[in-house]
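**Student:** Quick one, run_24.txt (compact mmCIF, C-alpha atoms and all ligand atoms):
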```
# COMPACT_ATOMS: atom_id res chain seq x y z
CA MET A 287 323.51 25.82 56.39
CA SER A 288 325.16 28.63 54.43
CA VAL A 289 323.34 31.95 54.72
CA GLU A 290 324.11 34.94 52.52
CA LEU A 291 325.17 38.01 54.46
CA LYS A 292 323.30 41.16 53.42
CA ARG A 293 325.03 44.16 54.94
CA GLY A 294 322.49 46.73 56.04
CA LEU A 295 319.75 44.21 55.10
CA GLU A 296 319.90 45.61 51.57
CA GLY A 297 317.23 44.06 49.37
CA VAL A 298 315.98 41.75 52.13
CA LEU A 299 312.22 41.26 52.41
CA VAL A 300 311.11 40.75 56.00
CA ALA A 301 307.38 41.39 55.79
CA GLU A 302 304.42 41.93 53.51
CA SER A 303 302.76 45.32 53.66
CA GLU A 304 299.87 47.03 51.90
CA LEU A 305 300.81 50.45 53.20
CA SER A 306 303.32 52.09 50.89
CA HIS A 307 305.64 51.23 48.04
CA VAL A 308 308.80 52.90 46.85
CA ASP A 309 309.79 52.24 43.24
CA GLY A 310 313.39 53.39 43.38
CA GLU A 311 314.07 52.88 39.68
CA VAL A 312 311.45 55.32 38.40
CA GLY A 313 311.13 57.47 41.53
CA LYS A 314 307.56 56.70 42.46
CA LEU A 315 306.00 56.49 45.91
CA VAL A 316 302.47 55.29 46.61
CA TYR A 317 300.45 55.02 49.81
CA ARG A 318 298.00 52.12 49.34
CA GLY A 319 298.27 52.60 45.58
CA TYR A 320 297.73 56.38 45.54
CA ASP A 321 300.55 58.41 44.00
CA ILE A 322 302.28 60.71 46.48
CA GLU A 323 302.02 63.65 44.06
CA GLU A 324 298.23 63.37 43.98
CA LEU A 325 298.04 62.95 47.75
CA ALA A 326 300.38 65.92 48.30
CA ARG A 327 298.19 68.10 46.11
CA GLY A 328 294.76 66.79 47.07
CA ALA A 329 294.76 65.14 50.52
CA SER A 330 295.29 66.51 54.01
CA TYR A 331 297.52 64.81 56.59
CA GLU A 332 294.39 63.62 58.41
CA GLU A 333 293.11 62.00 55.18
CA VAL A 334 296.43 60.26 54.69
CA LEU A 335 296.42 59.03 58.29
CA TYR A 336 292.93 57.66 57.76
CA LEU A 337 294.08 55.98 54.55
CA LEU A 338 297.07 54.37 56.28
CA TRP A 339 295.21 53.35 59.43
CA HIS A 340 291.84 52.33 57.96
CA GLY A 341 292.72 51.04 54.51
CA ALA A 342 290.76 53.45 52.30
CA LEU A 343 290.35 57.17 51.72
CA PRO A 344 287.61 58.56 54.00
CA THR A 345 284.32 60.06 52.93
CA ARG A 346 283.74 63.65 54.08
CA GLU A 347 281.72 62.38 57.07
CA GLU A 348 284.32 59.79 58.02
CA LEU A 349 287.07 62.38 57.78
CA ASP A 350 285.22 64.89 59.94
CA ALA A 351 284.63 62.31 62.66
CA PHE A 352 288.23 61.04 62.45
CA ALA A 353 289.73 64.54 62.56
CA ALA A 354 287.52 65.48 65.52
CA ASP A 355 288.58 62.34 67.43
CA LEU A 356 292.23 63.11 66.73
CA ALA A 357 291.88 66.78 67.71
CA ALA A 358 290.15 65.78 70.96
CA GLU A 359 293.34 64.00 72.09
CA ARG A 360 295.77 66.92 71.72
CA ASP A 361 296.02 68.01 75.37
CA VAL A 362 298.94 66.76 77.42
CA ASP A 363 299.08 66.58 81.20
CA ASP A 364 300.62 69.52 83.10
CA ASP A 365 303.26 67.18 84.55
CA VAL A 366 304.44 66.42 81.02
CA LEU A 367 304.56 70.15 80.25
CA ASP A 368 306.64 70.69 83.41
CA THR A 369 309.08 68.00 82.30
CA ILE A 370 309.27 69.63 78.87
CA GLN A 371 310.21 72.89 80.57
CA THR A 372 312.89 71.07 82.59
CA LEU A 373 314.31 69.50 79.42
CA ALA A 374 314.31 72.87 77.65
CA ASP A 375 316.05 74.53 80.62
CA ALA A 376 318.67 71.77 80.57
CA GLY A 377 319.40 72.54 76.90
CA GLU A 378 318.18 69.16 75.63
CA CYS A 379 317.86 68.89 71.84
CA PRO A 380 314.28 68.58 70.53
CA MET A 381 314.55 64.97 69.28
CA ALA A 382 315.82 63.79 72.67
CA ALA A 383 313.17 65.87 74.43
CA LEU A 384 310.51 64.29 72.21
CA ARG A 385 311.81 60.80 72.98
CA THR A 386 311.68 61.50 76.72
CA ALA A 387 308.26 63.15 76.54
CA VAL A 388 306.74 60.24 74.56
CA SER A 389 308.07 57.89 77.21
CA MET A 390 306.44 60.00 79.88
CA LEU A 391 303.15 60.18 77.95
CA SER A 392 302.78 56.44 78.40
CA ALA A 393 302.45 57.03 82.17
CA TYR A 394 299.27 59.02 81.41
CA GLU A 395 297.95 56.53 78.82
CA PRO A 396 294.47 55.41 79.93
CA GLU A 397 294.80 52.03 78.19
CA VAL A 398 298.36 51.32 79.27
CA ASP A 399 297.45 47.85 80.49
CA ALA A 400 295.48 46.82 77.38
CA ASP A 401 296.13 43.33 76.02
CA PRO A 402 298.92 43.61 73.37
CA GLU A 403 296.66 41.68 71.00
CA ASP A 404 293.83 44.20 71.39
CA PHE A 405 294.70 45.99 68.17
CA ASP A 406 291.83 48.46 68.49
CA ALA A 407 293.38 49.58 71.78
CA THR A 408 296.77 49.87 70.04
CA ARG A 409 295.14 52.01 67.34
CA ARG A 410 293.57 54.26 69.99
CA LYS A 411 296.93 54.60 71.75
CA GLY A 412 298.52 55.42 68.42
CA ARG A 413 295.88 58.06 67.79
CA ARG A 414 296.58 59.66 71.18
CA LEU A 415 300.30 59.69 70.51
CA THR A 416 299.90 61.16 67.04
CA ALA A 417 297.63 63.89 68.43
CA LYS A 418 299.92 64.77 71.36
CA ILE A 419 303.33 64.83 69.65
CA PRO A 420 302.70 68.26 68.03
CA THR A 421 301.64 69.63 71.43
CA VAL A 422 304.84 68.33 73.02
CA LEU A 423 307.04 69.77 70.26
CA ALA A 424 305.39 73.17 70.17
CA ALA A 425 305.55 73.43 73.98
CA PHE A 426 309.24 72.50 73.91
CA GLU A 427 310.09 75.13 71.33
CA ARG A 428 308.17 77.78 73.26
CA ALA A 429 309.77 76.72 76.56
CA ARG A 430 313.20 77.27 74.99
CA GLN A 431 312.10 80.77 74.02
CA GLY A 432 310.87 81.48 77.56
CA GLU A 433 307.24 81.39 76.40
CA GLU A 434 304.25 79.64 77.97
CA PRO A 435 302.72 76.76 75.99
CA VAL A 436 299.71 77.58 73.81
CA ASP A 437 296.67 75.34 74.33
CA PRO A 438 295.72 73.33 71.25
CA ASP A 439 292.75 74.56 69.26
CA PRO A 440 290.48 71.64 68.31
CA ASP A 441 288.95 73.68 65.48
CA LEU A 442 292.24 73.83 63.61
CA SER A 443 293.72 71.11 61.40
CA HIS A 444 296.64 68.97 62.58
CA ALA A 445 299.04 71.15 60.57
CA GLY A 446 297.36 74.47 61.35
CA ASN A 447 297.12 73.72 65.06
CA PHE A 448 300.83 72.86 65.29
CA LEU A 449 301.81 76.17 63.69
CA TYR A 450 299.34 77.96 65.95
CA MET A 451 300.76 76.28 69.09
CA LEU A 452 304.29 77.10 67.92
CA THR A 453 303.75 80.80 67.30
CA GLY A 454 300.58 81.69 69.23
CA THR A 455 299.05 83.04 66.02
CA GLU A 456 296.78 81.26 63.56
CA PRO A 457 298.81 80.51 60.42
CA ASP A 458 297.93 82.00 57.04
CA ALA A 459 296.45 79.64 54.45
CA VAL A 460 299.72 79.26 52.48
CA SER A 461 301.73 78.27 55.56
CA GLU A 462 299.08 75.82 56.74
CA GLU A 463 298.77 74.24 53.31
CA THR A 464 302.55 74.02 52.87
CA PHE A 465 303.05 72.45 56.27
CA ASP A 466 300.18 70.03 55.77
CA MET A 467 301.73 68.95 52.47
CA ALA A 468 305.08 68.38 54.19
CA LEU A 469 303.36 66.18 56.78
CA THR A 470 301.49 64.29 54.05
CA ILE A 471 304.60 63.39 52.07
CA HIS A 472 306.62 62.30 55.14
CA ALA A 473 303.91 60.05 56.61
CA ASP A 474 305.14 56.71 55.30
CA HIS A 475 307.96 55.25 53.25
CA GLY A 476 308.10 51.48 53.27
CA LEU A 477 310.47 49.79 55.70
CA ASN A 478 312.86 52.70 56.23
CA ALA A 479 315.21 52.45 59.24
CA SER A 480 312.89 54.04 61.80
CA THR A 481 309.83 52.08 60.66
CA PHE A 482 311.83 48.88 60.74
CA THR A 483 313.03 49.77 64.25
CA ALA A 484 309.42 50.29 65.33
CA LEU A 485 308.52 46.97 63.71
CA VAL A 486 311.31 45.05 65.43
CA ILE A 487 310.11 46.38 68.78
CA GLY A 488 306.46 45.72 67.85
CA SER A 489 307.31 42.15 66.82
CA THR A 490 308.10 41.36 70.47
CA MET A 491 304.49 42.45 71.18
CA ALA A 492 305.85 45.36 73.21
CA ASP A 493 303.50 48.32 73.50
CA ILE A 494 303.17 50.97 70.78
CA TYR A 495 304.87 53.63 72.92
CA SER A 496 308.07 51.56 72.89
CA SER A 497 307.87 51.24 69.10
CA VAL A 498 307.40 54.98 68.67
CA ILE A 499 310.26 55.79 71.06
CA GLY A 500 312.50 53.42 69.08
CA GLY A 501 311.35 55.03 65.83
CA ILE A 502 312.25 58.49 67.15
CA GLY A 503 315.71 57.25 68.12
CA ALA A 504 316.36 55.76 64.68
CA LEU A 505 315.00 58.79 62.85
CA SER A 506 317.28 61.17 64.74
CA GLY A 507 320.46 59.93 63.02
CA PRO A 508 322.16 61.93 60.23
CA LEU A 509 321.83 59.05 57.75
CA HIS A 510 318.05 59.13 58.20
CA GLY A 511 315.79 61.99 59.36
CA GLY A 512 318.64 64.04 60.81
CA ALA A 513 319.77 64.85 57.27
CA ASN A 514 317.20 67.65 56.85
CA GLN A 515 318.85 69.70 59.59
CA ASP A 516 322.30 68.91 58.19
CA VAL A 517 321.27 70.26 54.77
CA MET A 518 320.12 73.53 56.32
CA GLU A 519 323.33 73.80 58.34
CA VAL A 520 325.26 73.49 55.08
CA LEU A 521 323.14 76.21 53.45
CA TYR A 522 323.74 78.55 56.41
CA GLU A 523 327.44 77.68 56.45
CA VAL A 524 327.68 78.61 52.77
CA ASP A 525 325.73 81.80 53.35
CA GLU A 526 327.59 82.95 56.44
CA SER A 527 331.01 82.33 54.92
CA ASN A 528 329.98 84.10 51.70
CA LYS A 529 331.11 81.03 49.78
CA ASP A 530 329.87 80.04 46.39
CA PRO A 531 327.73 76.90 47.01
CA VAL A 532 329.61 75.15 44.19
CA GLU A 533 332.95 75.89 45.90
CA TRP A 534 331.53 74.46 49.10
CA VAL A 535 330.32 71.27 47.42
CA LYS A 536 333.62 70.83 45.54
CA ALA A 537 335.58 71.16 48.80
CA ALA A 538 333.22 68.74 50.55
CA ARG A 539 333.67 66.18 47.77
CA ASP A 540 337.48 66.66 47.82
CA ALA A 541 337.43 66.07 51.57
CA GLY A 542 335.44 62.86 50.97
CA ARG A 543 332.40 64.23 52.80
CA ARG A 544 328.93 62.91 52.07
CA ILE A 545 326.53 65.53 50.85
CA PRO A 546 323.50 65.57 53.14
CA GLY A 547 320.20 65.30 51.30
CA PHE A 548 321.74 63.16 48.55
CA GLY A 549 321.63 59.40 48.10
CA HIS A 550 319.13 56.79 49.14
CA ARG A 551 319.08 53.05 49.70
CA VAL A 552 316.06 52.55 47.43
CA TYR A 553 315.85 55.54 45.06
CA LYS A 554 318.28 55.48 42.18
CA VAL A 555 316.72 58.65 40.75
CA LYS A 556 315.44 61.87 42.30
CA ASP A 557 313.04 61.22 45.18
CA PRO A 558 309.49 62.24 44.14
CA ARG A 559 309.07 63.97 47.51
CA ALA A 560 312.14 66.10 46.76
CA LYS A 561 310.49 67.15 43.48
CA ILE A 562 307.31 68.16 45.32
CA LEU A 563 309.24 70.18 47.90
CA GLU A 564 311.46 71.78 45.26
CA GLU A 565 308.36 73.00 43.48
CA LYS A 566 306.98 74.32 46.77
CA LEU A 567 310.26 76.09 47.55
CA ARG A 568 310.14 77.65 44.10
CA ASP A 569 306.59 78.96 44.74
CA LEU A 570 307.51 80.29 48.19
CA SER A 571 310.70 81.92 46.90
CA GLU A 572 308.90 83.55 44.00
CA SER A 573 306.13 84.92 46.18
CA SER A 574 308.54 86.25 48.84
CA GLY A 575 311.12 87.46 46.31
CA ASP A 576 313.87 85.73 48.37
CA THR A 577 315.39 83.02 46.20
CA LYS A 578 318.59 82.45 48.19
CA TRP A 579 317.98 78.86 49.36
CA LEU A 580 316.53 77.93 46.01
CA ASP A 581 319.59 79.34 44.26
CA TYR A 582 321.98 77.48 46.57
CA THR A 583 320.21 74.13 46.34
CA THR A 584 319.88 74.47 42.57
CA ALA A 585 323.61 75.23 42.29
CA ILE A 586 324.59 72.24 44.46
CA GLU A 587 322.27 69.87 42.62
CA GLY A 588 323.46 71.23 39.25
CA TYR A 589 327.12 70.67 40.15
CA LEU A 590 326.53 67.13 41.44
CA THR A 591 324.51 66.33 38.32
CA GLU A 592 327.37 67.58 36.11
CA GLN A 593 329.77 65.43 38.13
CA GLY A 594 327.69 62.35 37.31
CA LEU A 595 326.55 61.63 40.88
CA VAL A 596 322.87 61.83 40.07
CA GLU A 597 323.33 59.59 37.04
CA ASN A 598 325.08 57.12 39.36
CA GLY A 599 322.09 56.99 41.65
CA ILE A 600 323.14 59.56 44.25
CA ALA A 601 320.25 61.94 43.70
CA PRO A 602 318.44 64.49 45.90
CA ASN A 603 316.25 62.93 48.57
CA VAL A 604 313.36 64.45 50.53
CA ASP A 605 315.72 66.04 53.06
CA PHE A 606 317.48 68.15 50.45
CA TYR A 607 314.51 70.50 50.12
CA SER A 608 312.44 70.16 53.29
CA GLY A 609 314.73 72.34 55.45
CA SER A 610 314.56 75.32 53.10
CA VAL A 611 310.78 75.09 53.01
CA TYR A 612 310.58 75.06 56.83
CA ASP A 613 313.17 77.84 57.07
CA SER A 614 311.10 80.04 54.81
CA MET A 615 308.24 79.49 57.29
CA GLY A 616 310.46 80.68 60.16
CA ILE A 617 310.82 77.25 61.81
CA PRO A 618 314.13 76.70 63.65
CA MET A 619 316.54 74.18 62.17
CA ASP A 620 316.63 71.67 64.98
CA MET A 621 312.84 71.28 64.77
CA TYR A 622 312.99 69.78 61.25
CA THR A 623 313.70 66.21 62.33
CA PRO A 624 311.07 66.36 65.11
CA ILE A 625 308.58 67.56 62.48
CA PHE A 626 309.55 64.54 60.39
CA ALA A 627 308.78 62.37 63.47
CA MET A 628 305.49 64.19 63.99
CA SER A 629 304.43 63.02 60.54
CA ARG A 630 306.12 59.60 60.36
CA VAL A 631 304.53 58.49 63.63
CA GLY A 632 301.44 57.78 61.50
CA GLY A 633 303.42 55.34 59.36
CA TRP A 634 305.14 53.72 62.36
CA ILE A 635 301.77 52.99 63.97
CA ALA A 636 300.22 51.69 60.75
CA HIS A 637 303.15 49.32 60.13
CA VAL A 638 303.29 48.02 63.70
CA VAL A 639 299.56 47.24 63.81
CA GLU A 640 299.63 45.66 60.33
CA TYR A 641 302.58 43.48 61.36
CA GLN A 642 301.29 42.55 64.82
CA GLU A 643 298.00 41.35 63.34
CA ASP A 644 300.00 38.51 61.77
CA ASN A 645 303.01 38.65 64.03
CA ARG A 646 306.27 36.76 63.93
CA LEU A 647 309.21 37.79 66.12
CA ILE A 648 311.90 39.54 64.05
CA ARG A 649 315.15 37.92 64.98
CA PRO A 650 317.97 37.94 62.39
CA ARG A 651 321.49 36.66 62.97
CA ALA A 652 325.02 37.94 62.55
CA ARG A 653 327.84 35.95 61.02
CA TYR A 654 330.08 35.30 64.01
CA THR A 655 333.70 36.22 63.28
CA GLY A 656 335.07 36.09 66.83
CA PRO A 657 337.23 33.34 68.36
CA LYS A 658 335.59 29.95 68.91
CA ASP A 659 337.72 28.26 71.57
CA ALA A 660 339.00 30.91 73.98
CA SER A 661 340.05 29.44 77.35
CA PHE A 662 338.59 31.26 80.30
CA VAL A 663 341.13 32.66 82.77
CA PRO A 664 339.82 33.61 86.24
CA ILE A 665 340.06 37.35 86.94
CA ASP A 666 342.94 37.18 89.44
CA GLU A 667 345.06 35.18 87.02
CA ARG A 668 344.70 37.54 84.01
N1 LIG A 701 327.26 61.99 49.13
C1 LIG A 701 328.32 61.44 48.49
N2 LIG A 701 328.43 60.12 48.26
C2 LIG A 701 327.42 59.35 48.66
C3 LIG A 701 326.29 59.86 49.31
C4 LIG A 701 326.24 61.24 49.53
N3 LIG A 701 325.20 61.80 50.15
N4 LIG A 701 325.44 58.85 49.58
C5 LIG A 701 326.02 57.73 49.15
N5 LIG A 701 327.23 58.01 48.59
C6 LIG A 701 328.16 57.06 48.00
C7 LIG A 701 328.94 56.35 49.09
O1 LIG A 701 330.10 57.04 49.43
C8 LIG A 701 329.21 55.03 48.41
O2 LIG A 701 330.27 55.20 47.52
P1 LIG A 701 331.43 54.09 47.40
O3 LIG A 701 330.71 52.84 46.97
O4 LIG A 701 332.34 54.67 46.38
O5 LIG A 701 332.01 53.99 48.77
C9 LIG A 701 327.97 54.77 47.59
O6 LIG A 701 327.39 56.05 47.36
C10 LIG A 701 326.95 53.88 48.28
O7 LIG A 701 326.73 54.39 49.58
P2 LIG A 701 326.18 53.53 50.77
O8 LIG A 701 326.47 54.23 52.07
O9 LIG A 701 326.62 52.11 50.64
O10 LIG A 701 324.64 53.57 50.45
P3 LIG A 701 323.49 53.27 51.47
O11 LIG A 701 322.36 52.78 50.71
O12 LIG A 701 323.99 52.45 52.59
O13 LIG A 701 323.22 54.74 52.09
C11 LIG A 701 322.31 56.80 52.66
C12 LIG A 701 322.10 55.49 51.88
C13 LIG A 701 321.01 57.58 52.66
C14 LIG A 701 322.68 56.48 54.11
C15 LIG A 701 323.44 57.62 52.00
O14 LIG A 701 323.10 57.94 50.68
C16 LIG A 701 323.78 58.89 52.77
O15 LIG A 701 324.58 58.83 53.71
N6 LIG A 701 323.19 60.07 52.37
C17 LIG A 701 323.42 61.30 53.08
C18 LIG A 701 322.46 61.38 54.28
C19 LIG A 701 321.02 61.59 53.85
O16 LIG A 701 320.71 62.43 53.03
N7 LIG A 701 320.12 60.82 54.46
C20 LIG A 701 318.67 60.93 54.20
C21 LIG A 701 318.13 59.73 53.49
S1 LIG A 701 316.51 59.94 52.78
C22 LIG A 701 315.45 60.47 53.97
C23 LIG A 701 315.37 59.64 55.17
O17 LIG A 701 315.19 58.43 55.12
O18 LIG A 701 315.49 60.18 56.26
```
Hey, can you dump this file as structure tokens for me?
**Tutor:**
Amino acid sequence: MSVELKRGLEGVLVAESELSHVDGEVGKLVYRGYDIEELARGASYEEVLYLLWHGALPTREELDAFAADLAAERDVDDDVLDTIQTLADAGECPMAALRTAVSMLSAYEPEVDADPEDFDATRRKGRRLTAKIPTVLAAFERARQGEEPVDPDPDLSHAGNFLYMLTGTEPDAVSEETFDMALTIHADHGLNASTFTALVIGSTMADIYSSVIGGIGALSGPLHGGANQDVMEVLYEVDESNKDPVEWVKAARDAGRRIPGFGHRVYKVKDPRAKILEEKLRDLSESSGDTKWLDYTTAIEGYLTEQGLVENGIAPNVDFYSGSVYDSMGIPMDMYTPIFAMSRVGGWIAHVVEYQEDNRLIRPRARYTGPKDASFVPIDER
């Protein structure tokens, strides 16, 4: 049987999903049919989670009950907080600390022994994880700063509570709304690398914690979620060296470097999430009067557009603008990818449950190019 090799699984369909669709030709993203621009403007992260997990937008009553159930699960055990402190003291990076902490959370999971085919139990576990990840991340950031963790406040939204736990102060309305929008637009994105990783693990009927840990690992890489931090590092590098951003991007191109925040496997035009974040950055810059990051990103995008990259399908993706938005909220750079995970965990869980409900083990093959008839030589004779 001859099988076509698809490097990087490009264009391969491995599952059906009702969750989200990326139209890379026109730059459109929908969650269950709803346009991301409308959701970004009109729906909270909790509403989007409900949509992804329950199949329809909630009524006000449904949302209130759902948000209260989620908020009730935010506390993490003191032992987990102690481990977070140990990881912070050891200088662990936040994505690795998150991965370790999620693994430890499973030891405190009340339904750890639930039947893998009890999908309601998987959903409840997923809800606990989604609720606790912000607590873990905020505690880690504070531990690094020598600060005690701040207890979650169940009266605050998912976004507002995270910012509160991070800083110890209730966020203003603009920060909360901006952060909530960032969570909303990162929640799901078809079978991206981390979601596919979660799905592969889920397809063995392993527990949801393993899927989420795998998702965190995949998201951490610079070709995926790690790109948002890389973009911000570039912007700081440009700023600190007093370089013109166009000079920087020219030199990077001449050196054959990839520009972080540009290019995408599916989008051939500008990512709609990048457009939403660009607009947000513009608003934030105008209201603060500090347009530096906006100026730099605009200059880099303008140069690459002139050079024909964008026309050739290497256009800004979501990571090109998210870092500057977080930076203008005072969030440290290495927390950007963990924040991506804090949102995308909702999509990972939705995809794993959807897949497991009609499961088939995911098991592709590689074309073997090694020798076929090597003769074995015992170790002492080699
Ligand atoms: N800068 C310069 N050239 C690029 C870039 C870039 N950022 N991205 C792709 N290319 C070129 C690449 O060099 C190749 O050219 P050639 O055919 O001449 O060798 C061509 O475009 C195709 O690249 P590819 O690696 O085959 O494309 P892919 O679909 O495998 O990669 C990608 C997609 C996202 C890994 C890639 O565009 C990239 O490395 N981008 C930079 C990292 C980044 O921003 N990642 C975030 C992705 S979106 C958010 C997320 O999922 O986390």
**Student:** Which chains and residue numbers are within 7 Å of ligand LIG 701 (chain A), counting all atoms listed in the file, if I want them as a ChimeraX atom specification?
**Tutor:** /A:294,478,505,508-513,543-551,600,603-605
**Student:** Enter the distance from atom CA of A:Ala652 to atom CA of A:Leu295, in Å, rounded to one decimal.
**Tutor:**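 Taking atom CA of A:Ala652 as the start and atom CA of A:Leu295 as the end point, the length is 11.1 Å.
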**Student:** Closest to A:Ser306 among A:Tyr622, A:Phe405, A:Tyr394, A:Tyr320, using all atoms listed in the file?
**Tutor:** A:Tyr320
**Student:** What separation in Å, quoted to one decimal, exists between atom CA of A:Gln593 and atom CA of A:Glu323?
**Tutor:**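 These two atoms are separated by 28.4 Å.
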**Student:** For the point (301.5, 75.2, 60.7) in file coordinates, what residues are within 9 Å, counting only C-alpha atoms? Give the answer as a ChimeraX atom specification?
**Tutor:** /A:443-453,456-458,461-466,615
**Student:** For A:Ala425, work out the shell of residues within 8 Å, counting all atoms listed in the file and skipping chain neighbours fewer than 3 positions away, then give it as a list of chain:residue names.
**Tutor:** A:Leu367, A:Ile370, A:Thr421, A:Val422, A:Arg428, A:Ala429, A:Glu434, A:Pro435, A:Val436, A:Met451, A:Leu452
**Student:** In Å to one decimal, how far is atom CA of A:Thr470 from atom CA of A:Glu564?
**Tutor:**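 Interatomic distance here is 15.3 Å.
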**Student:** Would you write out, as a tab-separated table, a table of all residues in stretch 565-604 of chain A that have an atom no more than 8 Å from an atom of stretch 523-534 of chain A, listing for each the closest atom pair and the distance in Å to one decimal, considering all atoms listed in the file and ordering rows by chain and rising residue number?
**Tutor:**
```
residue	atom	partner	partner_atom	distance
A:Tyr582	CA	A:Pro531	CA	5.8
A:Ala585	CA	A:Val532	CA	6.3
A:Ile586	CA	A:Val532	CA	5.8
A:Tyr589	CA	A:Val532	CA	6.5
```
**Student:** Please put the answer as AutoDock Vina command-line options: centre and edge lengths, in Å with one decimal, of a box along x, y and z that encloses all listed atoms of stretch 295-314 of chain A plus 3 Å on each side.
**Tutor:**
```
--center_x 309.9 --center_y 49.1 --center_z 47.2 --size_x 26.0 --size_y 22.7 --size_z 23.6
```
**Student:** List as an MDAnalysis selection string the protein and nucleic acid residues near A:Lys566, meaning an atom at most 12 Å away when all atoms listed in the file are counted, but skip any in the same chain fewer than 6 places from it.
**Tutor:** chainID A and resid 326:327 460:461 463:465 467:468 559:560 572:573 580 607:612 614:615
**Student:** Near A:Val334, within 12 Å and counting all atoms listed in the file, which residues show up once chain neighbours fewer than 2 positions away are dropped, as an MDAnalysis selection string?
**Tutor:** chainID A and resid 305:306 316:318 320:322 324:332 336:344 349 352:353 444 466:474 629:630 632:633 636
**Student:** Go through A:Gly412, A:Gly297, A:Pro438, A:Pro624 and flag the residue nearest A:Leu477, using all atoms listed in the file for the distances.
**Tutor:**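 Residue with the minimum atom-to-atom distance to A:Leu477: A:Gly297.
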**Student:** Considering only C-alpha atoms, state which residue in the set A:Leu415, A:Ile635, A:Ile499, A:Met619 is at the smallest distance from A:Leu521.
**Tutor:**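 The closest residue to A:Leu521 is A:Met619.
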**Student:** Between A:Val631, A:Ala374, A:Ala601, A:Ile648, which one has atoms that come closest to A:Thr481, using only C-alpha atoms?
**Tutor:**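 Looking only at the distances to A:Thr481, the closest residue turns out to be A:Val631.
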**Student:** Pick from A:Gly588, A:Lys556, A:Leu595, A:Arg651: nearest to A:Glu311, with only C-alpha atoms counted?
**Tutor:**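 Closest candidate: A:Lys556.
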**Student:** Pick the closest to A:Lys561 from A:Arg649, A:Ala660, A:Asp439, A:Phe606: which is it, counting all atoms listed in the file?
**Tutor:**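 Of A:Arg649, A:Ala660, A:Asp439, A:Phe606, the one nearest A:Lys561 is A:Phe606, counting all atoms listed in the file.
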**Student:** List as a VMD selection string the protein and nucleic acid residues near A:Gly500, meaning an atom at most 10 Å away when only C-alpha atoms are counted, but skip any in the same chain fewer than 2 places from it.
**Tutor:** chain A and resid 385 480 to 488 494 to 498 502 to 505 634
**Student:** Just the residues within 9 Å of A:Thr369, please, counting all atoms listed in the file, with nothing from its chain fewer than 3 positions along; format it as a list in words.
**Tutor:**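 Non-adjacent residues within range: Asp364, Asp365, Val366, Thr372, Leu373, Ala374, Thr386, Ala387 and Met390 of chain A.
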**Student:** Would you fill out stretch 401-412 of chain A with N, CA and C atoms and return it as a PDB file, keeping the file's coordinate frame?
**Tutor:**
```pdb
ATOM      1  N   ASP A 401     295.531  44.543  76.566  1.00  0.00           N
ATOM      2  CA  ASP A 401     296.130  43.330  76.020  1.00  0.00           C
ATOM      3  C   ASP A 401     296.890  43.697  74.732  1.00  0.00           C
ATOM      4  N   PRO A 402     298.156  43.261  74.588  1.00  0.00           N
ATOM      5  CA  PRO A 402     298.920  43.610  73.370  1.00  0.00           C
ATOM      6  C   PRO A 402     298.230  43.142  72.087  1.00  0.00           C
ATOM      7  N   GLU A 403     297.352  42.145  72.211  1.00  0.00           N
ATOM      8  CA  GLU A 403     296.660  41.680  71.000  1.00  0.00           C
ATOM      9  C   GLU A 403     295.322  42.387  70.785  1.00  0.00           C
ATOM     10  N   ASP A 404     295.028  43.375  71.610  1.00  0.00           N
ATOM     11  CA  ASP A 404     293.830  44.200  71.390  1.00  0.00           C
ATOM     12  C   ASP A 404     294.261  45.328  70.440  1.00  0.00           C
ATOM     13  N   PHE A 405     294.146  45.046  69.146  1.00  0.00           N
ATOM     14  CA  PHE A 405     294.700  45.990  68.170  1.00  0.00           C
ATOM     15  C   PHE A 405     293.887  47.288  68.078  1.00  0.00           C
ATOM     16  N   ASP A 406     292.596  47.209  68.461  1.00  0.00           N
ATOM     17  CA  ASP A 406     291.830  48.460  68.490  1.00  0.00           C
ATOM     18  C   ASP A 406     292.387  49.379  69.575  1.00  0.00           C
ATOM     19  N   ALA A 407     292.774  48.767  70.705  1.00  0.00           N
ATOM     20  CA  ALA A 407     293.380  49.580  71.780  1.00  0.00           C
ATOM     21  C   ALA A 407     294.707  50.158  71.296  1.00  0.00           C
ATOM     22  N   THR A 408     295.485  49.351  70.565  1.00  0.00           N
ATOM     23  CA  THR A 408     296.770  49.870  70.040  1.00  0.00           C
ATOM     24  C   THR A 408     296.500  51.040  69.091  1.00  0.00           C
ATOM     25  N   ARG A 409     295.468  50.904  68.265  1.00  0.00           N
ATOM     26  CA  ARG A 409     295.140  52.010  67.340  1.00  0.00           C
ATOM     27  C   ARG A 409     294.765  53.267  68.119  1.00  0.00           C
ATOM     28  N   ARG A 410     293.975  53.082  69.198  1.00  0.00           N
ATOM     29  CA  ARG A 410     293.570  54.260  69.990  1.00  0.00           C
ATOM     30  C   ARG A 410     294.797  54.892  70.651  1.00  0.00           C
ATOM     31  N   LYS A 411     295.696  54.062  71.139  1.00  0.00           N
ATOM     32  CA  LYS A 411     296.930  54.600  71.750  1.00  0.00           C
ATOM     33  C   LYS A 411     297.730  55.370  70.697  1.00  0.00           C
ATOM     34  N   GLY A 412     297.795  54.777  69.517  1.00  0.00           N
ATOM     35  CA  GLY A 412     298.520  55.420  68.420  1.00  0.00           C
ATOM     36  C   GLY A 412     297.903  56.761  68.061  1.00  0.00           C
TER      37      GLY A 412
END
```
